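> Mind having a look at this structure? Questions to follow.
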Amino acid sequence: MDATEKTIFELSATGRKGFRFPSSDVPSSDLPESLQRKDLPLPELSEVDVVRHYTRLSRLNYSLDNGMYPLGSCTMKYNPKICEKAARISAFANLHPLQPIESVQGAVLILYEMQIILQEISGFPACSLTPAAGAQGEFGGVKMIAASLRDRGETQRKIMLIPDSAHGTNPASSVMSGFECLAVRTDERGNIDLNDLTSKCNERLAGIMITNPNTLGLFDENIVEVIRIVHQAGGLVYGDGANMNALLGIVKPAELGFDVMHFNLHKTFATPHGGGGPGAGAICCTEQLKAYLPGPIADILEEATEEVPPLYGYRMPEKSIGMLRSFWGHFGIIVRAYCYCMMLGAEGLRRVAEYATLNANYLMEALKQDYPLPYDRTCMHEFVLDVKWPDAPGIRALDVAKRLMDYKFHPPTNYFPLIVHEALMIEPTETESKETLDDFIKAMKTIAREARENPELLHQAPTETPFGRMDEVKAARDLKIAE
Amino acid sequence: MFIPHTDADRESMLAAIGKKDLNELFDVVPEKYRFPKLNLQPGLTEPEVTFLLDEISSANLSLDHTACFTGAGAYHHYIPAAIDNLISRGDFYTAYTPYQPEISQGTLQAVYEYQSLMARLTGMEAANASHYDGATACAEAGVLAYHQYHGKRKKILVSAGLHPHYLLTLKTYLQDFDGMQIECPKATSLDEISPEKLEEKIDMDTALVLVQYPDFFGQIQDFSELAKAVHEKGALLCVCINPIALGLLKTPGEMGADIVVGEGQPLGIPLSYGGPYLGIFTTRKELIRKVSGRIVGETVDNRGQRAYVLTLTAREQHIRREKATSNICSNQSLNALTAAIYLSLLGRDGLRAVAKLCYDKAHYAAKEISKIHGYRILNQRPFFHEFVVSCPQPPSDINQHLLDHGMIGGYDLSEEYPMLGNAMLIAVTEMINKEDIDDLCEMLKEGEHHGRH
């Protein structure tokens with residue numbers, strides 16, 4: 001059966017209406033003809049058409065509410081429904097960002113308290129919630145390093161070290177901040193190679209961007225030493241918080257010696273991924289760097305007295321790298337994350353890290369019998385398999401990933417990190433039950449058997465989904481991105 | 001609550017991995033730093049957190065009960081009920097980025113439709129899957145222009161009519177990056193914000209000229225001549241738009257723009273105290289390979305069905321790493337979906353209607369306000385739904401007076417634009433009734449008699 005859904009343009013019929021505005025209660029004013037557009041080529045549909053169209057489309061999606069998403073480094077945990085409701089409270093959703101500050105005290109209080117929560121979790125004394133996403137958090141954090149080096153008069157420090165297991169946003173953010181990137185090798189235990197690191201630390205060193213636990217799902221066994229080496233060489237240490245889910249209540253990055261880090265609220269704090277966004281970022285940093293934070297930052301402008309509550313408002317840090325976007329940040333996402341943190345509390349946050357780690361180790365232990373595991377030690381919240389079977393040489397990670405869809409699972413992240421060639425990166429998160437994990441293990445083991453017995457099943461997969469493998473080459477060659 | 005494990009599950013799982021307790025999972029963390037105390041309150045139940053958030057939100061003044069005359073980059077519009085119903089489907093909002101197209105056609109087709117709608121609305125040929133907001137879309141236009149000339153052209157010329165936050169964001173991204181300079185000629189009056197003034201400043205070192213339409217002060221100006229001047233010098237023209245205004249106005253595409261950016265919030269996205277919003281980004285077809293961010297394209301699957309995929313990914317950070325056109329990873333997918341549903345519901349007539357309502361109400365408000373002693377409209381040129389009022393008192397005093405009467409006044413321009421004097425920027429959307437405008441005028445008159453100075 002053809003699963004194709006018509007586009008809204010194909011569904012359009014001249015004269016059909018989906019929404020009516022009230023008629024005007026003021027006189028009509030003329031707009032000069034020369035400033036008017038000639039044509040407005042928008043589709044015309046009824047409300048019924050629109051609702052059915054997008055409902056049908058939604059059914060073509062896999063989603064968290066549908067099943068497990070073992071996507072490494074994406075932290076696809078369940079999105080609590082109360083957090084959605086919270087963001088829709090009228091006095092949050094219907095607030096203008098530039099209303100008088102007296103009329104938005106509840107909103108600024110949430111921003112202020114969320115800053116404090118993230119400071120407490122990370123151990124840092126300062127926080128900015130303005131980044132729109134993790135990548136913007138990185139960009140802001142790295143710019144802060146650049147600005148502080150400039151103030152120290154050390155503009156010759158141009159090298160940003162980036163472990164070869166890092167996310168692609170790390171080098172991209174560094175280059176946008178004016179740095180040159182230099183890769184650092186990973187050793188055979190999955191740690192940053194200390195010899196390679198030491199050889200690259202010199203008077204041109206600006207800093208290092210570390211994801212810990214790294215994208216292999218491993219906590220760097222030498223993290224304190226790595227940070228000491230970089231600091232001794234005059235560099236600063238950036239923490240990529242993509243994998244922070246494993247560290248909540250387990251260790252504070254500031255105490256390990258990091259200088260600045262970002263959080264992804266849509267990963268660690270359960271805000272929905274929305275099919276690719278919006279997420280939200282945050283930056284936390286040391287006393288030495290806090291003057292450079294992007295702003296504005298929520299603060300108490302007038303302390304409370306016995307009769308009056310405090311007055312919340314904003315300030316721009318003295319040497320701020322500037323604004324990263326308009327207004328105050330992704331408030332609607334921050335409300336969801338705040339709601340989540342308030343529900344978890346200190347103990348609940350630590351349980352998140354514990355059970356995320358338990359789930360990952362449970363899966364790893366069960367799957368390493370059937371799939372090569374390049375780094376075999378206790379993992380944190382995720383781990384990486386290498387799909388290389390001597391007795392099934394034609395099977396790649398992609399084939400296993402696609403076949404998983406036939407067993408009603410979203411595939412793991414594949415071909416990342418780059419240092420594992422046929423990588424399947426698996427992060428179950430804490431919200432999956434033992435039963436779901438057991439089903440996943442069963443599917444993975446079945447696929448491993450199929451790879452030997454009937455590899456065509458994998459090459460053809462998926463066959464049970466509404467759509468099959470795509471012609472990606474055609475999409476790029478015959479580029480059609482709008483109609 | 002969100003962790004399903006029973007005690008028995010935990011014990012059997014620990015046994016399976018050979019650990020005696022959960023703590024043992026973290027032996028790799030240096031003991032000195034392991035398990036720090038988190039000084040946070042104990043967790044709340046759902047009823048408790050509901051009560052807490054209700055209490056916190058009660059310190060806010062919701063626009064549900066308030067007439068709001070502030071715009072300045074975020075606008076209070078009616079949001080059709082079908083939108084929240086559709087975007088609240090778990091199949092949409094709990095889905096991940098559509099990297100697995102076989103099971104993500106819902107998101108992919110919706111984004112493709114969004115791209116098509118944005119291209120049509122702006123009069124351009126191509127669009128991306130969205131940026132974070134209007135400000136970052138402007139910044140990414142700067143990044144595109146930098147790459148277009150391989151970093152050889154060092155100047156970005158910005159109109160003083162650009163939203164101040166957009167200018168600041170552009171500077172954060174590009175000022176001093178590889179010698180780039182952002183030049184924004186100062187204007188001492190609204191009149192000086194004109195394409196002619198900018199034309200004089202374009203030279204062979206200019207990579208991009210960035211203007212806003214309607215501009216921050218509501219003014220509508222035709223940039224067709226400017227486009228010619230920009231192209232004569234081999235540079236790119238970027239026009240930052242308000243999508244509702246394009247229900248009526250001549251498109252930047254007709255004027256000859258190379259890039260169109262804008263804040264998509266007015267297209268059915270709640271104000272939500274400033275975010276998350278939607279960064280619109282459309283271009284001429286030739287530039288699409290230089291555009292940053294995700295792009296969805298049409299293709300077929302191996303069963304011959306029409307389908308959609310993320311395409312041209314070779315531009316992006318996860319493939320190109322340090323050579324990527326930008327570090328951007330996510331887009332604002334759910335908000336792009338919102339905009340697509342909004343425009344599908346309103347259609348051709350609906351968008352025209354809302355634009356005309358905004359236009360007429362703003363012009364009625366301007367006319368009435370200009371009749372009040374001491375108040376003057378500073379806009380000499382045509383404007384859309386926003387205009388600048390010169391006031392007899394500091395706008396902050398007037399706004400306090402209005403707030404005391406449950407009304408949100410205009411955006412106070414006096415700090416950022418002192419040359420305009422006691423000026424406020426007033427926005428009027430379809431959410432404002434004639435009665436609200438008449439009430440506003442009454443209160444301004446009262447303020448005149450009871451003013452503090």
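Chain labels A, B, ... are given in the sequence in which chains occur in the structure tokens; within each chain residues are numbered consecutively from 1, and ligands are likewise numbered from 1 in the order shown.
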Just the helix (DSSP H, G or I) stuff from stretch 235-360 of chain B, please, per backbone DSSP, written as a PyMOL selection string.
chain B and resi 245-247+252-255+272-274+285-290+313-315+317-323+333-360
> If you count only C-alpha atoms, which residues fall within 7 Å of stretch 201-214 of chain A, apart from same-chain ones fewer than 4 positions away, as an mmCIF file with C-alpha atoms, in the first residue's frame?

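Everything below was put into result-v8.cif:
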```cif
data_model
loop_
_atom_site.group_PDB
_atom_site.id
_atom_site.type_symbol
_atom_site.label_atom_id
_atom_site.label_comp_id
_atom_site.auth_asym_id
_atom_site.auth_seq_id
_atom_site.Cartn_x
_atom_site.Cartn_y
_atom_site.Cartn_z
ATOM 1 C CA GLN A 156 49.080 33.839 20.372
ATOM 2 C CA ARG A 157 47.089 31.032 22.001
ATOM 3 C CA LYS A 158 45.187 29.794 18.963
ATOM 4 C CA ILE A 159 45.103 26.027 19.323
ATOM 5 C CA MET A 160 41.985 24.296 20.582
ATOM 6 C CA LEU A 161 42.574 20.633 21.297
ATOM 7 C CA ILE A 162 39.713 18.327 20.460
ATOM 8 C CA ALA A 166 34.322 14.549 19.947
ATOM 9 C CA LEU A 197 48.128 15.514 24.842
ATOM 10 C CA LEU A 218 33.557 6.123 29.145
ATOM 11 C CA PHE A 219 34.557 8.321 32.049
ATOM 12 C CA ASP A 220 38.127 9.405 31.407
ATOM 13 C CA VAL A 230 46.249 21.702 30.140
ATOM 14 C CA ALA A 233 50.382 24.825 29.892
ATOM 15 C CA GLY A 235 45.139 26.511 28.560
ATOM 16 C CA LEU A 236 41.499 26.489 29.631
ATOM 17 C CA VAL A 237 39.262 23.469 29.835
ATOM 18 C CA TYR A 238 35.850 23.379 28.175
ATOM 19 C CA GLY A 239 33.311 20.748 29.200
ATOM 20 C CA ASP A 240 30.803 19.535 26.617
ATOM 21 C CA GLY A 241 27.782 18.656 28.750
ATOM 22 C CA ASN A 243 26.630 13.461 28.358
ATOM 23 C CA MET A 380 28.588 5.223 31.996
#
```
> Nearest to chain B: which of A:Arg396, A:Lys434, A:Lys388, A:Arg189 is it, counting only C-alpha atoms?
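The closest residue to chain B is A:Lys434.
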> Among the residues of stretch 67-236 of chain A, find those DSSP assigns to strand (DSSP E or B) from the backbone and print them as a list of chain:residue names.
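Across stretch 67-236 of chain A, those assigned strand (DSSP E or B) are A:Leu71, A:Val104, A:Ala126, A:Cys127, A:Ser128, A:Ile159, A:Met160, A:Leu161, A:Ile162, A:Pro163, A:Glu180, A:Cys181, A:Leu182, A:Ala183, A:Val184, A:Thr186, A:Ile192, A:Leu205, A:Ala206, A:Gly207, A:Ile208, A:Met209, A:Ile210, A:Thr211, A:Leu236.
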> Mind checking which residues fall within 7 Å of stretch 374-389 of chain B, counting only C-alpha atoms, ignoring those fewer than 3 positions away in the same chain, and posting them as a PyMOL selection string?
chain B and resi 190+214+217-220+245+358-359+362+366+369-370+392+423-429
> Keeping C-alpha atoms for every residue in the selection just given, could you write it to a file as a CSV table (one decimal), in the first residue's frame?

```csv
chain,number,residue,atom,x,y,z
B,190,LEU,CA,13.7,57.9,11.5
B,214,PRO,CA,9.2,46.6,8.1
B,217,PHE,CA,10.3,51.3,13.8
B,218,GLY,CA,7.6,49.9,11.6
B,219,GLN,CA,8.7,51.7,8.4
B,220,ILE,CA,8.1,50.1,5.0
B,245,ALA,CA,3.4,41.8,7.0
B,358,CYS,CA,-3.1,44.7,11.9
B,359,TYR,CA,-2.5,47.4,9.4
B,362,ALA,CA,-2.3,50.3,13.8
B,366,ALA,CA,-1.7,56.2,15.2
B,369,ILE,CA,-2.9,59.1,19.4
B,370,SER,CA,-1.7,61.9,17.2
B,392,PRO,CA,5.4,64.5,26.5
B,423,ALA,CA,9.8,58.0,22.3
B,424,MET,CA,7.9,54.7,22.5
B,425,LEU,CA,7.3,52.1,19.9
B,426,ILE,CA,3.6,51.0,19.7
B,427,ALA,CA,2.5,47.8,18.0
B,428,VAL,CA,-1.1,46.9,17.2
B,429,THR,CA,-2.2,43.5,16.2
```
> Could you name the residues that touch A:Glu33 at 12 Å or less, counting only C-alpha atoms, but leaving out those on the same chain fewer than 5 positions away, as a PyMOL selection string?
(chain A and resi 38) or (chain B and resi 222+248-250+382)
> Take the residues from that selection and write them out as a compact mmCIF listing (two decimals), in the first residue's frame, keeping all heavy atoms.

```
# COMPACT_ATOMS: atom_id res chain seq x y z
N LYS A 38 1.91 41.15 -5.34
CA LYS A 38 1.01 40.85 -6.45
C LYS A 38 0.18 39.62 -6.14
O LYS A 38 -1.01 39.57 -6.38
CB LYS A 38 1.83 40.59 -7.72
CG LYS A 38 2.55 41.84 -8.23
CD LYS A 38 3.13 41.57 -9.62
CE LYS A 38 4.23 42.55 -9.96
NZ LYS A 38 5.58 42.11 -9.53
N ASP B 222 10.81 50.41 0.00
CA ASP B 222 11.12 49.52 -1.11
C ASP B 222 12.64 49.44 -1.29
O ASP B 222 13.31 50.47 -1.37
CB ASP B 222 10.46 50.06 -2.39
CG ASP B 222 10.42 49.01 -3.49
OD1 ASP B 222 11.40 48.23 -3.58
OD2 ASP B 222 9.44 48.96 -4.23
N LEU B 248 0.52 41.19 3.04
CA LEU B 248 0.13 42.35 2.22
C LEU B 248 1.25 42.88 1.35
O LEU B 248 1.05 43.30 0.23
CB LEU B 248 -0.32 43.51 3.12
CG LEU B 248 -1.69 43.45 3.79
CD1 LEU B 248 -1.88 44.74 4.60
CD2 LEU B 248 -2.80 43.30 2.76
N LEU B 249 2.46 42.88 1.92
CA LEU B 249 3.54 43.66 1.30
C LEU B 249 4.23 42.96 0.14
O LEU B 249 4.32 41.72 0.12
CB LEU B 249 4.60 44.01 2.34
CG LEU B 249 4.14 44.82 3.56
CD1 LEU B 249 5.35 45.18 4.41
CD2 LEU B 249 3.41 46.08 3.11
N LYS B 250 4.74 43.77 -0.75
CA LYS B 250 5.60 43.34 -1.84
C LYS B 250 6.72 42.47 -1.25
O LYS B 250 7.28 42.82 -0.21
CB LYS B 250 6.19 44.60 -2.49
CG LYS B 250 7.08 44.37 -3.67
CD LYS B 250 7.43 45.73 -4.28
CE LYS B 250 8.42 45.59 -5.40
NZ LYS B 250 8.74 46.91 -5.99
N PRO B 382 5.32 55.22 5.06
CA PRO B 382 4.31 54.19 5.36
C PRO B 382 4.84 53.24 6.43
O PRO B 382 6.05 52.96 6.48
CB PRO B 382 4.15 53.45 4.02
CG PRO B 382 4.62 54.40 2.98
CD PRO B 382 5.66 55.25 3.62
```
> Atom CA of A:Ile481 and atom CA of B:Gly297, how far apart in Å?
4.4 Å
> Nearest residue to chain A out of B:Val111, B:Ile156, B:Ile3, B:Val230, using only C-alpha atoms?
B:Ile3
> Tell me, as a ChimeraX atom specification, which residues lie within 8 Å of stretch 42-50 of chain B, counting only C-alpha atoms; anything in the same chain fewer than 3 positions away does not count.
/A:82,86,339,341-348 /B:53-54
> Go through B:Ala355, B:Leu210, B:Leu312, B:Ala129 one by one, measure the shortest atom-to-atom distance of each to B:Ala340 using only C-alpha atoms, and give the residue with the smallest value.
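Going through B:Ala355, B:Leu210, B:Leu312, B:Ala129 one by one, the smallest distance to B:Ala340 is for B:Ala129.
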> Between A:Leu109, A:Ile145, A:Met425, A:Met364, which is the closest to A:Leu289 once you count only C-alpha atoms?
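Answer, going by the shortest atom-to-atom distance: A:Ile145.
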> Name all residues at most 6 Å from A:Gly18 (count only C-alpha atoms; drop same-chain ones fewer than 2 positions away) and give them as number ranges by chain.
A: 45-47; B: 345-346
> Name all residues at most 8 Å from stretch 402-419 of chain B (count only C-alpha atoms; drop same-chain ones fewer than 6 positions away) and give them as a list of chain:residue names.
A:Leu98, A:Gln99, A:Pro100, B:Thr66, B:Ala67, B:Cys68, B:Phe69, B:Thr70, B:Gly71, B:Ala72, B:Thr188, B:Ser189, B:Pro394, B:Pro395, B:Ser396, B:Leu425, B:Ile426, B:Ala427, B:Leu440, B:Met443
